[in-house]
file work21.txt (compact mmCIF, C-alpha atoms)
# COMPACT_ATOMS: atom_id res chain seq x y z
CA MET A 1 14.40 -38.37 20.68
CA SER A 2 11.80 -36.89 22.94
CA ASP A 3 13.66 -33.60 23.31
CA GLN A 4 13.05 -32.72 19.67
CA THR A 5 10.51 -29.96 19.19
CA HIS A 6 8.27 -30.73 16.27
CA MET A 7 6.74 -27.81 14.47
CA PRO A 8 3.20 -28.37 13.32
CA ALA A 9 2.93 -29.14 9.64
CA GLY A 10 1.89 -26.44 7.18
CA HIS A 11 3.41 -23.65 9.20
CA ASP A 12 3.38 -20.91 6.58
CA LEU A 13 0.99 -18.02 6.55
CA ALA A 14 -0.50 -16.37 3.50
CA PRO A 15 -0.08 -12.61 3.29
CA GLY A 16 -3.24 -11.07 4.68
CA ASP A 17 -3.91 -14.11 6.84
CA GLU A 18 -3.55 -13.93 10.58
CA GLU A 19 -2.71 -16.63 13.04
CA GLN A 20 -5.78 -18.23 14.51
CA HIS A 21 -7.60 -15.56 16.47
CA SER A 22 -11.16 -15.12 17.58
CA VAL A 23 -13.33 -12.68 15.65
CA GLY A 24 -13.22 -10.17 18.49
CA THR A 25 -9.41 -10.12 18.51
CA ARG A 26 -9.30 -9.65 14.74
CA ILE A 27 -11.79 -6.76 14.83
CA LEU A 28 -9.78 -5.20 17.66
CA GLY A 29 -6.66 -5.40 15.46
CA TYR A 30 -8.39 -3.46 12.68
CA VAL A 31 -9.73 -0.90 15.16
CA VAL A 32 -6.24 -0.31 16.58
CA GLY A 33 -4.86 0.01 13.04
CA LEU A 34 -7.58 2.47 12.05
CA VAL A 35 -7.05 4.64 15.15
CA LEU A 36 -3.26 4.71 14.66
CA ALA A 37 -3.63 5.51 10.94
CA LEU A 38 -6.11 8.32 11.64
CA LEU A 39 -3.82 9.77 14.32
CA LEU A 40 -0.81 9.71 11.99
CA THR A 41 -2.85 11.24 9.14
CA ALA A 42 -4.15 14.02 11.40
CA THR A 43 -0.60 14.71 12.58
CA SER A 44 0.62 14.89 8.97
CA PHE A 45 -2.06 17.39 7.95
CA PHE A 46 -1.47 19.41 11.13
CA ILE A 47 2.32 19.51 10.68
CA ALA A 48 2.00 20.53 7.02
CA GLY A 49 0.06 23.68 7.83
CA THR A 50 1.45 24.78 11.18
CA ASP A 51 3.89 27.51 12.15
CA LEU A 52 4.59 25.89 15.51
CA VAL A 53 7.58 23.83 14.39
CA TRP A 54 10.84 24.78 12.73
CA GLN A 55 9.92 25.08 9.05
CA PRO A 56 12.86 23.13 7.47
CA SER A 57 11.97 20.12 9.61
CA ILE A 58 8.48 19.81 8.09
CA PRO A 59 9.39 17.75 4.97
CA VAL A 60 11.41 15.29 7.05
CA ALA A 61 8.59 15.01 9.59
CA LEU A 62 6.05 14.38 6.80
CA ILE A 63 8.19 11.60 5.29
CA VAL A 64 8.76 9.97 8.68
CA LEU A 65 5.02 10.11 9.44
CA ALA A 66 4.21 8.62 6.02
CA ILE A 67 6.64 5.73 6.52
CA ALA A 68 5.22 5.12 10.01
CA GLN A 69 1.70 5.04 8.60
CA MET A 70 2.71 2.59 5.86
CA GLY A 71 4.14 0.40 8.61
CA VAL A 72 0.84 0.57 10.51
CA HIS A 73 -1.04 -0.47 7.35
CA LEU A 74 1.35 -3.35 6.69
CA VAL A 75 1.09 -4.73 10.22
CA PHE A 76 -2.57 -4.14 11.10
CA PHE A 77 -4.29 -4.41 7.69
CA LEU A 78 -2.02 -6.61 5.55
CA HIS A 79 -0.77 -8.64 8.56
CA ILE A 80 2.82 -8.72 7.37
CA THR A 81 4.66 -9.37 10.61
CA THR A 82 8.09 -10.60 11.63
CA GLY A 83 6.79 -13.96 12.83
CA PRO A 84 8.62 -17.12 11.64
CA ASP A 85 5.60 -18.12 9.52
CA ASN A 86 5.80 -14.82 7.64
CA THR A 87 9.41 -15.07 6.41
CA ASN A 88 8.54 -15.44 2.72
CA ASN A 89 6.19 -12.46 2.78
CA VAL A 90 8.71 -10.26 4.58
CA LEU A 91 11.51 -11.25 2.19
CA ALA A 92 9.38 -10.39 -0.84
CA LEU A 93 8.52 -7.06 0.81
CA ALA A 94 12.21 -6.37 1.54
CA PHE A 95 13.13 -7.01 -2.10
CA GLY A 96 10.29 -4.78 -3.29
CA LEU A 97 11.45 -2.00 -0.96
CA LEU A 98 15.02 -2.38 -2.25
CA VAL A 99 13.84 -1.84 -5.83
CA VAL A 100 11.64 1.09 -4.80
CA PHE A 101 14.55 2.83 -3.04
CA LEU A 102 16.89 2.16 -5.97
CA VAL A 103 14.40 3.58 -8.47
CA VAL A 104 13.35 6.66 -6.49
CA GLY A 105 16.69 7.41 -4.84
CA GLY A 106 18.70 6.72 -7.98
CA THR A 107 16.45 8.86 -10.16
CA VAL A 108 16.44 11.82 -7.79
CA TRP A 109 20.20 11.59 -7.26
CA ILE A 110 21.12 11.34 -10.94
CA MET A 111 18.65 13.94 -12.16
CA ALA A 112 19.72 16.45 -9.48
CA HIS A 113 23.34 16.07 -10.58
CA LEU A 114 22.44 16.33 -14.26
CA ASN A 115 20.54 19.51 -13.49
CA ALA A 116 23.47 20.99 -11.55
CA ASN A 117 25.98 20.07 -14.27
CA MET A 118 23.92 21.43 -17.17
CA PRO A 119 24.93 24.81 -18.54
CA PRO A 120 22.09 27.34 -18.63
CA MET A 121 19.66 26.94 -21.53
CA ASP A 122 20.70 30.10 -23.42
CA HIS A 123 24.32 28.91 -23.21
CA ILE A 124 23.38 25.68 -25.01
CA MET A 125 21.53 27.67 -27.67
CA ARG A 126 24.60 29.80 -28.38
CA MET A 127 26.81 26.71 -28.70
CA GLN A 128 24.80 25.42 -31.64
CA MET B 1 14.65 -47.92 13.32
CA THR B 2 15.72 -45.37 15.90
CA MET B 3 19.01 -44.95 14.10
CA THR B 4 17.38 -44.12 10.79
CA ALA B 5 15.00 -41.72 12.45
CA THR B 6 17.91 -39.93 14.14
CA ALA B 7 19.80 -39.78 10.86
CA GLY B 8 16.76 -38.32 9.18
CA HIS B 9 16.37 -35.70 11.85
CA ALA B 10 20.08 -34.85 11.78
CA HIS B 11 19.62 -34.20 8.09
CA ALA B 12 16.59 -32.02 8.67
CA ASP B 13 18.33 -30.18 11.49
CA PRO B 14 21.98 -29.76 10.40
CA HIS B 15 22.78 -27.07 12.95
CA HIS B 16 21.17 -28.88 15.89
CA ILE B 17 18.92 -26.01 16.86
CA GLY B 18 16.43 -28.50 18.18
CA ILE B 19 13.65 -27.52 15.83
CA VAL B 20 12.82 -30.09 13.19
CA ILE B 21 10.71 -28.91 10.32
CA GLU B 22 8.85 -31.79 8.77
CA HIS B 23 8.41 -31.16 5.10
CA PRO B 24 4.68 -31.26 4.63
CA GLY B 25 4.75 -31.03 0.84
CA PRO B 26 3.55 -28.11 -1.23
CA ALA B 27 1.84 -25.25 0.57
CA SER B 28 -1.92 -24.99 0.48
CA LYS B 29 -3.55 -23.28 -2.47
CA ARG B 30 -4.64 -20.37 -0.26
CA ILE B 31 -1.02 -19.62 0.65
CA VAL B 32 0.27 -20.01 -2.91
CA THR B 33 -2.45 -17.77 -4.37
CA ALA B 34 -2.07 -15.04 -1.81
CA TYR B 35 1.72 -15.14 -2.01
CA GLY B 36 1.61 -14.79 -5.80
CA PHE B 37 -0.79 -11.88 -5.46
CA TRP B 38 1.49 -10.31 -2.85
CA VAL B 39 4.38 -10.47 -5.35
CA PHE B 40 2.11 -8.81 -7.95
CA LEU B 41 1.24 -6.06 -5.47
CA LEU B 42 4.91 -5.44 -4.77
CA SER B 43 5.62 -5.13 -8.49
CA ASP B 44 2.68 -2.74 -8.73
CA ILE B 45 4.29 -0.68 -5.95
CA VAL B 46 7.57 -0.73 -7.91
CA MET B 47 5.65 0.63 -10.92
CA PHE B 48 4.21 3.39 -8.74
CA SER B 49 7.72 4.21 -7.51
CA CYS B 50 8.63 5.07 -11.13
CA PHE B 51 5.73 7.56 -11.24
CA PHE B 52 6.88 8.95 -7.89
CA ALA B 53 10.44 9.32 -9.19
CA ALA B 54 9.15 11.15 -12.28
CA TYR B 55 7.03 13.41 -10.09
CA ALA B 56 9.96 14.16 -7.76
CA VAL B 57 12.14 15.15 -10.73
CA LEU B 58 9.47 17.20 -12.51
CA SER B 59 7.66 18.83 -9.57
CA GLY B 60 9.61 22.07 -10.02
CA GLN B 61 9.23 22.24 -13.83
CA THR B 62 6.08 24.35 -13.93
CA ALA B 63 6.81 26.20 -17.22
CA ASP B 64 5.41 29.43 -15.69
CA GLY B 65 2.20 27.52 -14.95
CA PRO B 66 0.73 27.01 -11.49
CA LYS B 67 2.78 25.59 -8.65
CA GLY B 68 1.43 22.81 -6.47
CA SER B 69 0.70 25.17 -3.60
CA GLU B 70 -1.60 27.21 -5.88
CA ILE B 71 -3.84 24.35 -7.04
CA PHE B 72 -4.00 21.87 -4.15
CA GLU B 73 -6.94 22.02 -1.76
CA GLN B 74 -6.03 20.38 1.50
CA ARG B 75 -9.62 20.05 2.70
CA ASN B 76 -10.55 17.81 -0.24
CA VAL B 77 -7.42 15.73 0.23
CA ALA B 78 -8.25 15.26 3.92
CA ILE B 79 -11.77 14.04 3.03
CA GLU B 80 -10.35 11.66 0.40
CA THR B 81 -7.83 10.30 2.91
CA VAL B 82 -10.46 9.69 5.59
CA CYS B 83 -12.67 7.94 2.98
CA LEU B 84 -9.87 5.56 1.97
CA LEU B 85 -8.84 4.86 5.58
CA LEU B 86 -12.41 4.04 6.63
CA SER B 87 -12.90 1.92 3.50
CA SER B 88 -9.79 -0.08 4.40
CA PHE B 89 -11.32 -0.72 7.80
CA THR B 90 -14.71 -1.77 6.40
CA CYS B 91 -12.93 -3.97 3.86
CA GLY B 92 -11.21 -5.69 6.78
CA MET B 93 -14.59 -6.17 8.46
CA ALA B 94 -15.95 -7.69 5.24
CA SER B 95 -13.06 -10.15 5.00
CA ILE B 96 -13.60 -11.22 8.63
CA ALA B 97 -17.30 -11.69 7.81
CA ALA B 98 -16.36 -13.77 4.77
CA ASP B 99 -14.09 -15.97 6.90
CA VAL B 100 -16.90 -16.66 9.38
CA ARG B 101 -19.37 -16.94 6.47
CA ASN B 102 -21.72 -14.23 7.65
CA ARG B 103 -23.55 -12.91 4.58
CA PHE B 104 -25.17 -9.88 6.22
CA TRP B 105 -21.95 -8.36 7.58
CA PHE B 106 -20.11 -9.27 4.38
CA TYR B 107 -22.59 -7.40 2.18
CA LEU B 108 -22.74 -4.49 4.63
CA GLY B 109 -18.94 -4.16 4.84
CA MET B 110 -18.51 -4.43 1.08
CA SER B 111 -21.30 -1.90 0.39
CA VAL B 112 -19.80 0.67 2.76
CA THR B 113 -16.37 0.06 1.20
CA CYS B 114 -17.89 0.59 -2.24
CA VAL B 115 -19.63 3.84 -1.25
CA LEU B 116 -16.47 5.24 0.37
CA GLY B 117 -14.43 4.29 -2.71
CA LEU B 118 -16.97 6.02 -4.97
CA ILE B 119 -16.91 9.19 -2.80
CA PHE B 120 -13.13 9.20 -3.16
CA LEU B 121 -13.37 8.83 -6.94
CA VAL B 122 -16.00 11.58 -7.27
CA ILE B 123 -13.89 14.07 -5.28
CA GLU B 124 -10.80 13.21 -7.31
CA PHE B 125 -12.65 13.43 -10.63
CA ARG B 126 -14.09 16.83 -9.71
CA GLU B 127 -10.63 18.05 -8.75
CA PHE B 128 -9.25 16.94 -12.12
CA ALA B 129 -12.18 18.40 -14.07
CA ASP B 130 -11.83 21.69 -12.19
CA LEU B 131 -8.10 21.88 -13.02
CA VAL B 132 -8.70 21.11 -16.70
CA THR B 133 -11.43 23.75 -17.06
CA ARG B 134 -9.09 26.33 -15.50
CA GLY B 135 -6.56 25.49 -18.24
CA TYR B 136 -4.28 23.51 -15.96
CA GLY B 137 -4.61 20.20 -17.79
CA PRO B 138 -1.85 17.61 -18.05
CA SER B 139 -0.42 19.30 -21.15
CA ARG B 140 0.16 22.64 -19.35
CA SER B 141 3.54 21.79 -17.78
CA ALA B 142 5.80 18.85 -16.95
CA PHE B 143 4.76 19.20 -13.31
CA LEU B 144 1.08 18.82 -14.21
CA THR B 145 1.83 15.86 -16.51
CA ALA B 146 3.60 14.06 -13.67
CA PHE B 147 0.83 15.03 -11.21
CA PHE B 148 -2.02 13.79 -13.43
CA SER B 149 -0.27 10.53 -14.31
CA LEU B 150 0.67 9.69 -10.70
CA VAL B 151 -2.64 10.60 -9.05
CA GLY B 152 -4.64 9.41 -12.06
CA CYS B 153 -2.89 6.03 -12.00
CA HIS B 154 -3.90 5.61 -8.37
CA GLY B 155 -7.45 6.67 -9.28
CA LEU B 156 -7.54 4.04 -12.04
CA HIS B 157 -6.46 1.42 -9.52
CA VAL B 158 -9.27 2.48 -7.18
CA SER B 159 -11.77 2.30 -10.06
CA ALA B 160 -10.59 -1.21 -10.90
CA GLY B 161 -10.85 -2.05 -7.21
CA VAL B 162 -14.48 -0.88 -7.07
CA LEU B 163 -15.34 -3.04 -10.10
CA TRP B 164 -13.59 -6.00 -8.48
CA LEU B 165 -15.50 -5.32 -5.24
CA LEU B 166 -18.85 -5.45 -7.04
CA THR B 167 -17.74 -8.67 -8.78
CA MET B 168 -16.89 -10.22 -5.41
CA MET B 169 -20.33 -9.31 -4.02
CA ALA B 170 -21.99 -10.85 -7.08
CA GLN B 171 -19.88 -14.00 -6.82
CA VAL B 172 -20.67 -14.47 -3.14
CA PHE B 173 -24.34 -13.88 -3.97
CA ALA B 174 -24.32 -16.46 -6.77
CA LYS B 175 -21.84 -19.04 -5.51
CA GLY B 176 -21.63 -18.57 -1.75
CA PHE B 177 -18.48 -18.74 0.38
CA ARG B 178 -16.66 -21.43 -1.61
CA ALA B 179 -12.92 -21.90 -1.09
CA ASP B 180 -12.04 -20.31 -4.44
CA ILE B 181 -14.31 -17.33 -3.77
CA LEU B 182 -12.67 -16.85 -0.37
CA ARG B 183 -9.23 -16.87 -2.03
CA ARG B 184 -10.38 -14.16 -4.45
CA MET B 185 -11.80 -12.20 -1.53
CA MET B 186 -8.45 -12.37 0.24
CA CYS B 187 -6.65 -11.10 -2.87
CA PHE B 188 -9.17 -8.27 -3.17
CA ALA B 189 -8.60 -7.27 0.46
CA LEU B 190 -4.82 -7.26 -0.10
CA PHE B 191 -5.31 -5.10 -3.21
CA TRP B 192 -7.53 -2.60 -1.41
CA HIS B 193 -5.17 -2.26 1.57
CA ALA B 194 -2.17 -1.85 -0.77
CA LEU B 195 -4.00 1.00 -2.57
CA ASP B 196 -4.32 2.69 0.80
CA ILE B 197 -0.56 2.41 1.35
CA ILE B 198 0.07 4.05 -2.03
CA TRP B 199 -2.41 6.81 -1.18
CA VAL B 200 -0.46 7.53 2.02
CA ALA B 201 2.61 8.15 -0.14
CA VAL B 202 0.55 10.24 -2.60
CA PHE B 203 -0.99 12.60 -0.08
CA SER B 204 2.28 12.99 1.84
CA VAL B 205 4.60 13.50 -1.14
CA VAL B 206 2.29 15.23 -3.64
CA TYR B 207 -0.23 17.21 -1.64
CA LEU B 208 1.37 17.98 1.74
CA LEU B 209 5.00 18.40 0.62
CA GLY B 210 3.81 20.14 -2.55
CA SER B 211 1.64 22.69 -0.79
CA GLY B 212 4.43 23.53 1.65
CA ALA B 213 7.08 24.13 -1.01
call {"tool": "encode", "arguments": {"input": "work21.txt", "output": "structure tokens"}}
result
Amino acid sequence: MSDQTHMPAGHDLAPGDEEQHSVGTRILGYVVGLVLALLLTATSFFIAGTDLVWQPSIPVALIVLAIAQMGVHLVFFLHITTGPDNTNNVLALAFGLLVVFLVVGGTVWIMAHLNANMPPMDHIMRMQ
Amino acid sequence: MTMTATAGHAHADPHHIGIVIEHPGPASKRIVTAYGFWVFLLSDIVMFSCFFAAYAVLSGQTADGPKGSEIFEQRNVAIETVCLLLSSFTCGMASIAADVRNRFWFYLGMSVTCVLGLIFLVIEFREFADLVTRGYGPSRSAFLTAFFSLVGCHGLHVSAGVLWLLTMMAQVFAKGFRADILRRMMCFALFWHALDIIWVAVFSVVYLLGSGA
């Protein structure tokens, strides 16, 4: 019996709550998050206006930087982590992301095809 | 007695991974409240994704009106972004202060958050008013309709957040750091940080991608 590992009771964590840390550690977490977010923002604004990089890569770079910055916000400000006590929060987030990608991706995909398959506007007018 | 205990543990640990989770009953009210609010925030993000999808589809439909690159001012957007980022940080400081029940740092953090939020709103309102007076209101083209509804919806959320912030300060002033007030404070912090995440998507997709194209 003694080899059983007992987890402490009440081992869930509310979103936004951190595991027990001292105040200094918590402030340090926010400072790290702020610095990372500011760096990523500055990079985004720099990339958007520069001629230094290959132009077609700019939109992809901006999207990657935005996703990275959202990740920084989730981890350092909202404290959504991959810890075992955070499973419920991460699952809800994963489902939300699924819906977001279905809505945005599906809309863009379908509307682009509709646009490509539509005859020109004057053509439609003549058909009537 | 040992037998029944073993049987109980075997039931709680069917795959013998050696970790037994005692069922402690329902989660605490703090966890339930914040989790429910987290689900609300995710559905709010899903609603924003519909506005983003509409904007992505309509961003080229300018009806001979202005394109995004002609009306966006990157300097203003940079100031707005820095305001929101710093306000997220001060909001975090205020929630730490609330957890350790320090009134001075709580009021200071919340006041700075409020001021930064108001600066953001003023810059955004002036941008909108400037566009409307130049004749580029939301009725000018499908692109401008999508732009005003997406960015305006975020602005409305920030306005609601500022009102909520002032309410939280008043509640802490009148009622102190009670457990229910602290739960509301946690929900407010989640809301404010989530608005920041949406703003990251807004400035990347609308302003930076739009001014490049």
call {"tool": "residues_around", "arguments": {"input": "work21.txt", "residues": "Met110 in chain B", "least_positions_apart": "5", "cutoff": "10 Å", "atoms": "only C-alpha atoms", "output": "list in words"}}
result
Ser87, Thr90, Cys91, Gly92, Met93, Ala94, Ser95, Ala97, Trp105, Val115, Leu116, Val162, Leu165, Leu166, Met168 and Met169 of chain B
call {"tool": "residues_near_point", "arguments": {"input": "work21.txt", "point": "(-1.5, 27.2, -12.3)", "cutoff": "10 Å", "atoms": "all atoms listed in the file", "output": "NGL selection string"}}
result
:B and (62-71 or 131 or 134-137 or 140-141 or 144)
call {"tool": "atom_distance", "arguments": {"input": "work21.txt", "atom1": "CA of Glu19 in chain A", "atom2": "CA of Val35 in chain A"}}
result
21.8 Å
call {"tool": "closest_residue", "arguments": {"input": "work21.txt", "among": "A:Val64, A:Val100, A:Ile80, A:Val90", "to": "chain B", "atoms": "only C-alpha atoms"}}
result
A:Val100
call {"tool": "interface_residues", "arguments": {"input": "work21.txt", "of": "chain A", "to": "chain B", "cutoff": "8 Å", "atoms": "all atoms listed in the file", "output": "PyMOL selection string"}}
result
chain A and resi 1+3-7+9-10+12-16+23+26-27+30-31+34+37-38+44-45+48-49+59+62-63+66+69-70+73+77-78+89+92-93+96+99-100+103-105+107-108+111-112
call {"tool": "atom_distance", "arguments": {"input": "work21.txt", "atom1": "CA of Glu18 in chain A", "atom2": "CA of Ala98 in chain B"}}
result
14.1 Å
call {"tool": "decode", "arguments": {"input": "work21.txt", "residues": "range 76-104 of chain A", "atoms": "C-alpha atoms", "output": "PDB file, in the first residue's frame"}}
result
ATOM      1  CA  PHE A  76       2.437  34.458 -18.910  1.00  0.00           C
ATOM      2  CA  PHE A  77      -0.768  36.482 -18.412  1.00  0.00           C
ATOM      3  CA  LEU A  78      -3.617  33.951 -18.472  1.00  0.00           C
ATOM      4  CA  HIS A  79      -1.461  31.153 -16.976  1.00  0.00           C
ATOM      5  CA  ILE A  80      -2.854  28.477 -19.267  1.00  0.00           C
ATOM      6  CA  THR A  81      -0.089  25.894 -19.146  1.00  0.00           C
ATOM      7  CA  THR A  82       0.273  22.219 -19.975  1.00  0.00           C
ATOM      8  CA  GLY A  83       0.483  21.171 -16.329  1.00  0.00           C
ATOM      9  CA  PRO A  84      -1.732  18.256 -15.168  1.00  0.00           C
ATOM     10  CA  ASP A  85      -3.851  20.639 -13.071  1.00  0.00           C
ATOM     11  CA  ASN A  86      -4.647  22.696 -16.165  1.00  0.00           C
ATOM     12  CA  THR A  87      -6.135  19.929 -18.340  1.00  0.00           C
ATOM     13  CA  ASN A  88      -9.689  21.278 -18.323  1.00  0.00           C
ATOM     14  CA  ASN A  89      -8.575  24.782 -19.272  1.00  0.00           C
ATOM     15  CA  VAL A  90      -6.361  23.519 -22.095  1.00  0.00           C
ATOM     16  CA  LEU A  91      -9.118  21.263 -23.452  1.00  0.00           C
ATOM     17  CA  ALA A  92     -11.595  24.157 -23.522  1.00  0.00           C
ATOM     18  CA  LEU A  93      -8.955  26.267 -25.280  1.00  0.00           C
ATOM     19  CA  ALA A  94      -8.291  23.496 -27.820  1.00  0.00           C
ATOM     20  CA  PHE A  95     -12.004  23.236 -28.630  1.00  0.00           C
ATOM     21  CA  GLY A  96     -12.265  27.020 -28.962  1.00  0.00           C
ATOM     22  CA  LEU A  97      -9.289  27.048 -31.335  1.00  0.00           C
ATOM     23  CA  LEU A  98     -10.859  24.253 -33.394  1.00  0.00           C
ATOM     24  CA  VAL A  99     -14.020  26.320 -33.876  1.00  0.00           C
ATOM     25  CA  VAL A 100     -12.010  29.447 -34.672  1.00  0.00           C
ATOM     26  CA  PHE A 101      -9.998  27.640 -37.363  1.00  0.00           C
ATOM     27  CA  LEU A 102     -13.141  26.052 -38.827  1.00  0.00           C
ATOM     28  CA  VAL A 103     -14.918  29.412 -39.012  1.00  0.00           C
ATOM     29  CA  VAL A 104     -12.029  31.470 -40.388  1.00  0.00           C
TER      30      VAL A 104
END
